[in-house]
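Worksheet: the structure to be examined is printed underneath.
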Amino acid sequence: MSDVFVLGAGVVGMTTAYALASRGHSVTVIDAGLAPAERGASFGNGAQLSYAFTDALASPSLVANLPMYLLGRDPAFRLTPTLSPKFWGWSLRFLANSSRASFERNTIEVLKLAMESRCAFADLSSKFHFDHRSTGKLNLYSSHVALRNAEALARLKNRHGADQKILTPDEAIEREPALAGYGHAFVGALWSPFDEAGDSRLFCQNIHRLLQSDYGVKFKFDTEIKSLKTRGQKINSIVTSAGEFECERAVIALGVWSAAIAKSSGIRLPIWPMQGYSLTVPATSMAPSSSITDTTRKVVFCKIGDRLRIAGLADIGDSRATFRPDRFQTLLETARGIFPDAGDYNANLNAWTGLRPMTPNSQPIVGASKVAGLFLNCGHGSLGWTLSMATALRLAAVIN
């Protein structure tokens, strides 16, 4: 089989390397970090494998709330327009996907990927450790309108294998006793029994060892990818901080950096970053066993090992991952208000911020590009961890 370069060692790049190596390809992974999952969203994501929670970001409800977001009245979601023509082009395509029909279509397409990924993760979970647990997930709703909308969407997703169920507050507390310590009122919950949890950084570290020991995959870390060179609409080489590598086949799996590298080969990708934050603290006996999403405050709680990962906020506009203490403080205060006793908030908070690579329709970009030998596996949004195995397998199937 052919040699293939995989650009990126986050969870999408590492699963891509695994899928290709499993099919007999000789694989080399290049990444600017010193180890797998050191730079992007795979380092500190929400740790949830949200197979059933695949709701597209562009939706009628988001458009209805745009004035509130633009005025900064929702602490969980910030929309700050920029002067970038690319931002406005992305925004127009995003709005074109916000109709009810487009929202439902995009949600179901991503759900199909998530169901494929679930099966693939089940096969991998026995090969190495990554704090993987079958936890199920509860989405909490604070209004009856939001709950009814969730129930309607669940009926649609259940026709495609989601198996979601609406619970009353008492039923939710019976399923997850930690909700007795929930700091707000909620009118109901959506239970997703198939959803799981895991540490994506640990996953990347351990699949790295597996790829080296069992498949002979080569890794070039501390190597920044600067551009791609083509010849006659065919990939020719990869220009890096460590020199130039000739290649006939390469996969761009660089998260938010994918668009810039693809552009160097004449490919324009509709990807715009959405910034999020997380913190990781020691879990207490009051921590929930199930993954929890507070849909009103857009914060997730997920226990991984003896730690509690709390992630949330969504900031769109700035294309840089600058850590903003005020935004992190918003997440911390929100977390304390939701589950005041679930974690040791006085310990080291392991504060993190990162960028999620969003496409206008929330669907990842997977497959061959217009440049011969250059393939794409990027644009996974906030579901990179969840969708990574499915997109890796789909991509590997089209590379000869």
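We name chains A, B, ... following the order of the structure tokens; residues begin at 1 in each chain, and ligands are numbered from 1 as shown.
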
| said: So that I can check the surroundings of stretch 157-164 of chain A, please list as number ranges by chain every protein, DNA and RNA residue that reaches within 8 Å of it, counting only C-alpha atoms and ignoring chain neighbours fewer than 4 positions away. | reply: A: 51-52, 108, 111-112, 115, 153, 190-194

Taking N, CA and C atoms for each residue, export the selection above as an mmCIF file, in the first residue's frame.
data_model
loop_
_atom_site.group_PDB
_atom_site.id
_atom_site.type_symbol
_atom_site.label_atom_id
_atom_site.label_comp_id
_atom_site.auth_asym_id
_atom_site.auth_seq_id
_atom_site.Cartn_x
_atom_site.Cartn_y
_atom_site.Cartn_z
ATOM 1 N N TYR A 51 -22.774 10.695 21.233
ATOM 2 C CA TYR A 51 -23.260 10.068 20.006
ATOM 3 C C TYR A 51 -24.671 10.515 19.623
ATOM 4 N N ALA A 52 -25.484 10.872 20.597
ATOM 5 C CA ALA A 52 -26.865 11.246 20.296
ATOM 6 C C ALA A 52 -27.080 12.755 20.287
ATOM 7 N N ILE A 108 -29.200 15.069 11.463
ATOM 8 C CA ILE A 108 -29.293 13.636 11.191
ATOM 9 C C ILE A 108 -28.051 13.125 10.466
ATOM 10 N N LEU A 111 -25.572 12.688 13.078
ATOM 11 C CA LEU A 111 -25.964 11.548 13.916
ATOM 12 C C LEU A 111 -25.546 10.224 13.275
ATOM 13 N N LYS A 112 -25.700 10.113 11.964
ATOM 14 C CA LYS A 112 -25.286 8.889 11.276
ATOM 15 C C LYS A 112 -23.794 8.638 11.464
ATOM 16 N N MET A 115 -23.172 7.424 15.113
ATOM 17 C CA MET A 115 -23.511 6.018 15.330
ATOM 18 C C MET A 115 -22.421 5.100 14.780
ATOM 19 N N LEU A 153 -37.244 16.852 18.559
ATOM 20 C CA LEU A 153 -36.025 16.478 17.855
ATOM 21 C C LEU A 153 -35.606 15.053 18.218
ATOM 22 N N LEU A 190 -33.374 15.106 29.021
ATOM 23 C CA LEU A 190 -33.309 14.176 27.893
ATOM 24 C C LEU A 190 -32.213 13.166 28.184
ATOM 25 N N TRP A 191 -32.588 11.897 28.249
ATOM 26 C CA TRP A 191 -31.653 10.815 28.574
ATOM 27 C C TRP A 191 -31.176 10.159 27.285
ATOM 28 N N SER A 192 -29.847 10.088 27.133
ATOM 29 C CA SER A 192 -29.230 9.446 25.970
ATOM 30 C C SER A 192 -28.389 8.272 26.469
ATOM 31 N N PRO A 193 -28.916 7.057 26.424
ATOM 32 C CA PRO A 193 -28.241 5.922 27.064
ATOM 33 C C PRO A 193 -26.952 5.488 26.388
ATOM 34 N N PHE A 194 -26.780 5.800 25.108
ATOM 35 C CA PHE A 194 -25.610 5.314 24.380
ATOM 36 C C PHE A 194 -24.375 6.193 24.580
#

| request: Skip A:Arg309 itself and residues of its chain fewer than 2 positions away, then list as a PyMOL selection string all residues within 9 Å of it, counting only C-alpha atoms. | output: chain A and resi 44-47+278-283+300-304+307+311

| request: May I have the residues within 12 Å of A:Leu34 as a PyMOL selection string, using only C-alpha atoms and disregarding those fewer than 5 positions away in the same chain? | output: chain A and resi 8-10+39+205+219-224

Those residues with C-alpha atoms, as an mmCIF file, in the first residue's frame please?
data_model
loop_
_atom_site.group_PDB
_atom_site.id
_atom_site.type_symbol
_atom_site.label_atom_id
_atom_site.label_comp_id
_atom_site.auth_asym_id
_atom_site.auth_seq_id
_atom_site.Cartn_x
_atom_site.Cartn_y
_atom_site.Cartn_z
ATOM 1 C CA GLY A 8 -2.115 16.703 12.667
ATOM 2 C CA ALA A 9 -1.823 14.574 15.819
ATOM 3 C CA GLY A 10 -5.045 15.497 17.551
ATOM 4 C CA ARG A 39 -2.070 21.972 20.815
ATOM 5 C CA GLN A 205 -1.176 9.198 23.872
ATOM 6 C CA PHE A 219 5.882 10.502 13.978
ATOM 7 C CA LYS A 220 7.526 13.862 13.434
ATOM 8 C CA PHE A 221 6.691 16.080 16.407
ATOM 9 C CA ASP A 222 7.876 19.631 17.056
ATOM 10 C CA THR A 223 7.468 20.140 13.319
ATOM 11 C CA GLU A 224 5.314 23.058 12.227
#

| query | When you draw a straight line from atom CA of A:Arg133 to atom CA of A:His208, how long is it in Å? | reply |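 Going from atom CA of A:Arg133 over to atom CA of A:His208, I get 20.4 Å.
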
| query | For A:Gly72, which residue out of A:Asp315, A:Trp385, A:Thr295, A:Glu248 is the nearest one, using only C-alpha atoms? | reply | A:Asp315

Using 12 Å as the limit and counting only C-alpha atoms, can you tabulate each residue of stretch 209-314 of chain A that touches stretch 21-33 of chain A, with its shortest atom-to-atom distance in Å and the two atoms involved, as JSON lines?
{"residue": "A:Leu210", "atom": "CA", "partner": "A:Ala21", "partner_atom": "CA", "distance": 10.8}
{"residue": "A:Leu211", "atom": "CA", "partner": "A:Ala21", "partner_atom": "CA", "distance": 7.8}
{"residue": "A:Gln212", "atom": "CA", "partner": "A:Val27", "partner_atom": "CA", "distance": 10.2}
{"residue": "A:Ser213", "atom": "CA", "partner": "A:Ala21", "partner_atom": "CA", "distance": 11.8}
{"residue": "A:Asp214", "atom": "CA", "partner": "A:Ala21", "partner_atom": "CA", "distance": 9.4}
{"residue": "A:Tyr215", "atom": "CA", "partner": "A:Ala21", "partner_atom": "CA", "distance": 6.2}
{"residue": "A:Gly216", "atom": "CA", "partner": "A:Ser26", "partner_atom": "CA", "distance": 7.7}
{"residue": "A:Val217", "atom": "CA", "partner": "A:Val27", "partner_atom": "CA", "distance": 5.2}
{"residue": "A:Lys218", "atom": "CA", "partner": "A:Thr28", "partner_atom": "CA", "distance": 4.6}
{"residue": "A:Phe219", "atom": "CA", "partner": "A:Val29", "partner_atom": "CA", "distance": 4.8}
{"residue": "A:Lys220", "atom": "CA", "partner": "A:Ile30", "partner_atom": "CA", "distance": 4.8}
{"residue": "A:Phe221", "atom": "CA", "partner": "A:Asp31", "partner_atom": "CA", "distance": 5.1}
{"residue": "A:Asp222", "atom": "CA", "partner": "A:Ala32", "partner_atom": "CA", "distance": 4.5}
{"residue": "A:Thr223", "atom": "CA", "partner": "A:Ala32", "partner_atom": "CA", "distance": 4.5}
{"residue": "A:Glu224", "atom": "CA", "partner": "A:Ala32", "partner_atom": "CA", "distance": 4.3}
{"residue": "A:Ile225", "atom": "CA", "partner": "A:Ala32", "partner_atom": "CA", "distance": 7.0}
{"residue": "A:Lys226", "atom": "CA", "partner": "A:Ala32", "partner_atom": "CA", "distance": 10.0}
{"residue": "A:Ile238", "atom": "CA", "partner": "A:Ile30", "partner_atom": "CA", "distance": 9.8}
{"residue": "A:Val239", "atom": "CA", "partner": "A:Ile30", "partner_atom": "CA", "distance": 11.0}
{"residue": "A:Thr240", "atom": "CA", "partner": "A:Ile30", "partner_atom": "CA", "distance": 9.0}
{"residue": "A:Ser241", "atom": "CA", "partner": "A:Ala32", "partner_atom": "CA", "distance": 8.9}
{"residue": "A:Ala242", "atom": "CA", "partner": "A:Ala32", "partner_atom": "CA", "distance": 10.2}
{"residue": "A:Gly243", "atom": "CA", "partner": "A:Ile30", "partner_atom": "CA", "distance": 11.8}
{"residue": "A:Glu244", "atom": "CA", "partner": "A:Ile30", "partner_atom": "CA", "distance": 11.8}
{"residue": "A:Phe245", "atom": "CA", "partner": "A:Ile30", "partner_atom": "CA", "distance": 10.4}
{"residue": "A:Glu246", "atom": "CA", "partner": "A:Thr28", "partner_atom": "CA", "distance": 12.0}
{"residue": "A:Cys247", "atom": "CA", "partner": "A:Thr28", "partner_atom": "CA", "distance": 10.5}
{"residue": "A:Arg249", "atom": "CA", "partner": "A:Val27", "partner_atom": "CA", "distance": 10.0}
{"residue": "A:Ala250", "atom": "CA", "partner": "A:Thr28", "partner_atom": "CA", "distance": 9.3}
{"residue": "A:Val251", "atom": "CA", "partner": "A:Val29", "partner_atom": "CA", "distance": 9.5}
{"residue": "A:Ile252", "atom": "CA", "partner": "A:Ile30", "partner_atom": "CA", "distance": 10.2}
{"residue": "A:Ala253", "atom": "CA", "partner": "A:Asp31", "partner_atom": "CA", "distance": 10.0}
{"residue": "A:Leu254", "atom": "CA", "partner": "A:Asp31", "partner_atom": "CA", "distance": 8.5}
{"residue": "A:Gly255", "atom": "CA", "partner": "A:Asp31", "partner_atom": "CA", "distance": 11.6}
{"residue": "A:Trp257", "atom": "CA", "partner": "A:Ala32", "partner_atom": "CA", "distance": 11.1}

| query | Residues of stretch 84-288 of chain A in strand (DSSP E or B) according to DSSP, as a ChimeraX atom specification? | reply | /A:133,137-141,165-167,188-192,196-197,218-220,225-230,234-240,243-246,250-252,272-283

| Do you know which residues are at most 12 Å from A:Leu179 counting only C-alpha atoms, after dropping those on the same chain fewer than 3 positions away, and could you put them as number ranges by chain? | A: 138-140, 169-176, 182-186, 188-189, 286-294, 301, 338-342

Compile the contact shell of stretch 394-397 of chain A as a PDB file with C-alpha atoms, in the first residue's frame: residues with an atom at most 12 Å away, counting only C-alpha atoms, same-chain residues fewer than 2 positions apart removed.
ATOM      1  CA  MET A   1       0.000   0.000   0.000  1.00  0.00           C
ATOM      2  CA  SER A   2       1.022   3.628  -0.472  1.00  0.00           C
ATOM      3  CA  VAL A   4       0.496   8.609   3.394  1.00  0.00           C
ATOM      4  CA  VAL A   6      -1.224  12.648   8.108  1.00  0.00           C
ATOM      5  CA  VAL A  12      -8.843  13.229  14.281  1.00  0.00           C
ATOM      6  CA  GLY A  13      -5.292  12.861  12.993  1.00  0.00           C
ATOM      7  CA  THR A  15      -7.657   8.009  14.371  1.00  0.00           C
ATOM      8  CA  THR A  16      -6.924   8.737  10.703  1.00  0.00           C
ATOM      9  CA  ALA A  17      -3.443   7.274  11.128  1.00  0.00           C
ATOM     10  CA  TYR A  18      -4.945   4.217  12.811  1.00  0.00           C
ATOM     11  CA  ALA A  19      -7.535   3.660  10.078  1.00  0.00           C
ATOM     12  CA  LEU A  20      -4.921   3.990   7.342  1.00  0.00           C
ATOM     13  CA  ALA A  21      -2.309   1.832   9.061  1.00  0.00           C
ATOM     14  CA  SER A  22      -4.934  -0.847   9.724  1.00  0.00           C
ATOM     15  CA  ARG A  23      -5.526  -1.007   5.961  1.00  0.00           C
ATOM     16  CA  GLY A  24      -1.834  -1.558   5.303  1.00  0.00           C
ATOM     17  CA  HIS A  25      -0.688   1.958   4.451  1.00  0.00           C
ATOM     18  CA  VAL A  27       1.877   6.295   7.598  1.00  0.00           C
ATOM     19  CA  LEU A 113     -21.564   9.561  11.617  1.00  0.00           C
ATOM     20  CA  GLU A 116     -20.705   4.695  13.097  1.00  0.00           C
ATOM     21  CA  SER A 117     -18.148   6.127  15.482  1.00  0.00           C
ATOM     22  CA  ALA A 120     -15.631   1.789  16.105  1.00  0.00           C
ATOM     23  CA  ARG A 249      -0.621  11.450  -0.578  1.00  0.00           C
ATOM     24  CA  ALA A 250      -1.446  13.586   2.444  1.00  0.00           C
ATOM     25  CA  VAL A 251      -4.413  14.103   4.767  1.00  0.00           C
ATOM     26  CA  ILE A 252      -5.178  17.476   6.333  1.00  0.00           C
ATOM     27  CA  ALA A 253      -6.452  16.821   9.865  1.00  0.00           C
ATOM     28  CA  PRO A 364     -17.151  17.623   8.919  1.00  0.00           C
ATOM     29  CA  ILE A 365     -15.342  17.822   5.591  1.00  0.00           C
ATOM     30  CA  VAL A 366     -14.175  14.332   4.684  1.00  0.00           C
ATOM     31  CA  GLY A 367     -12.803  12.922   1.445  1.00  0.00           C
ATOM     32  CA  ALA A 368     -10.694  13.745  -1.580  1.00  0.00           C
ATOM     33  CA  SER A 369      -9.968  17.355  -2.521  1.00  0.00           C
ATOM     34  CA  LEU A 374      -4.632  15.540  -1.044  1.00  0.00           C
ATOM     35  CA  PHE A 375      -7.406  14.429   1.293  1.00  0.00           C
ATOM     36  CA  LEU A 376      -9.427  16.228   3.968  1.00  0.00           C
ATOM     37  CA  ASN A 377     -10.615  15.194   7.422  1.00  0.00           C
ATOM     38  CA  CYS A 378     -11.466  18.401   9.232  1.00  0.00           C
ATOM     39  CA  LEU A 387     -16.994  11.694  15.223  1.00  0.00           C
ATOM     40  CA  SER A 388     -13.285  10.965  14.830  1.00  0.00           C
ATOM     41  CA  MET A 389     -13.447   7.197  14.371  1.00  0.00           C
ATOM     42  CA  ALA A 390     -16.224   7.360  11.775  1.00  0.00           C
ATOM     43  CA  THR A 391     -14.613  10.051   9.653  1.00  0.00           C
ATOM     44  CA  ALA A 392     -11.257   8.272   9.841  1.00  0.00           C
ATOM     45  CA  ILE A 399      -7.504   6.318  -0.213  1.00  0.00           C
ATOM     46  CA  ASN A 400      -5.927   3.710  -2.447  1.00  0.00           C
TER      47      ASN A 400
END
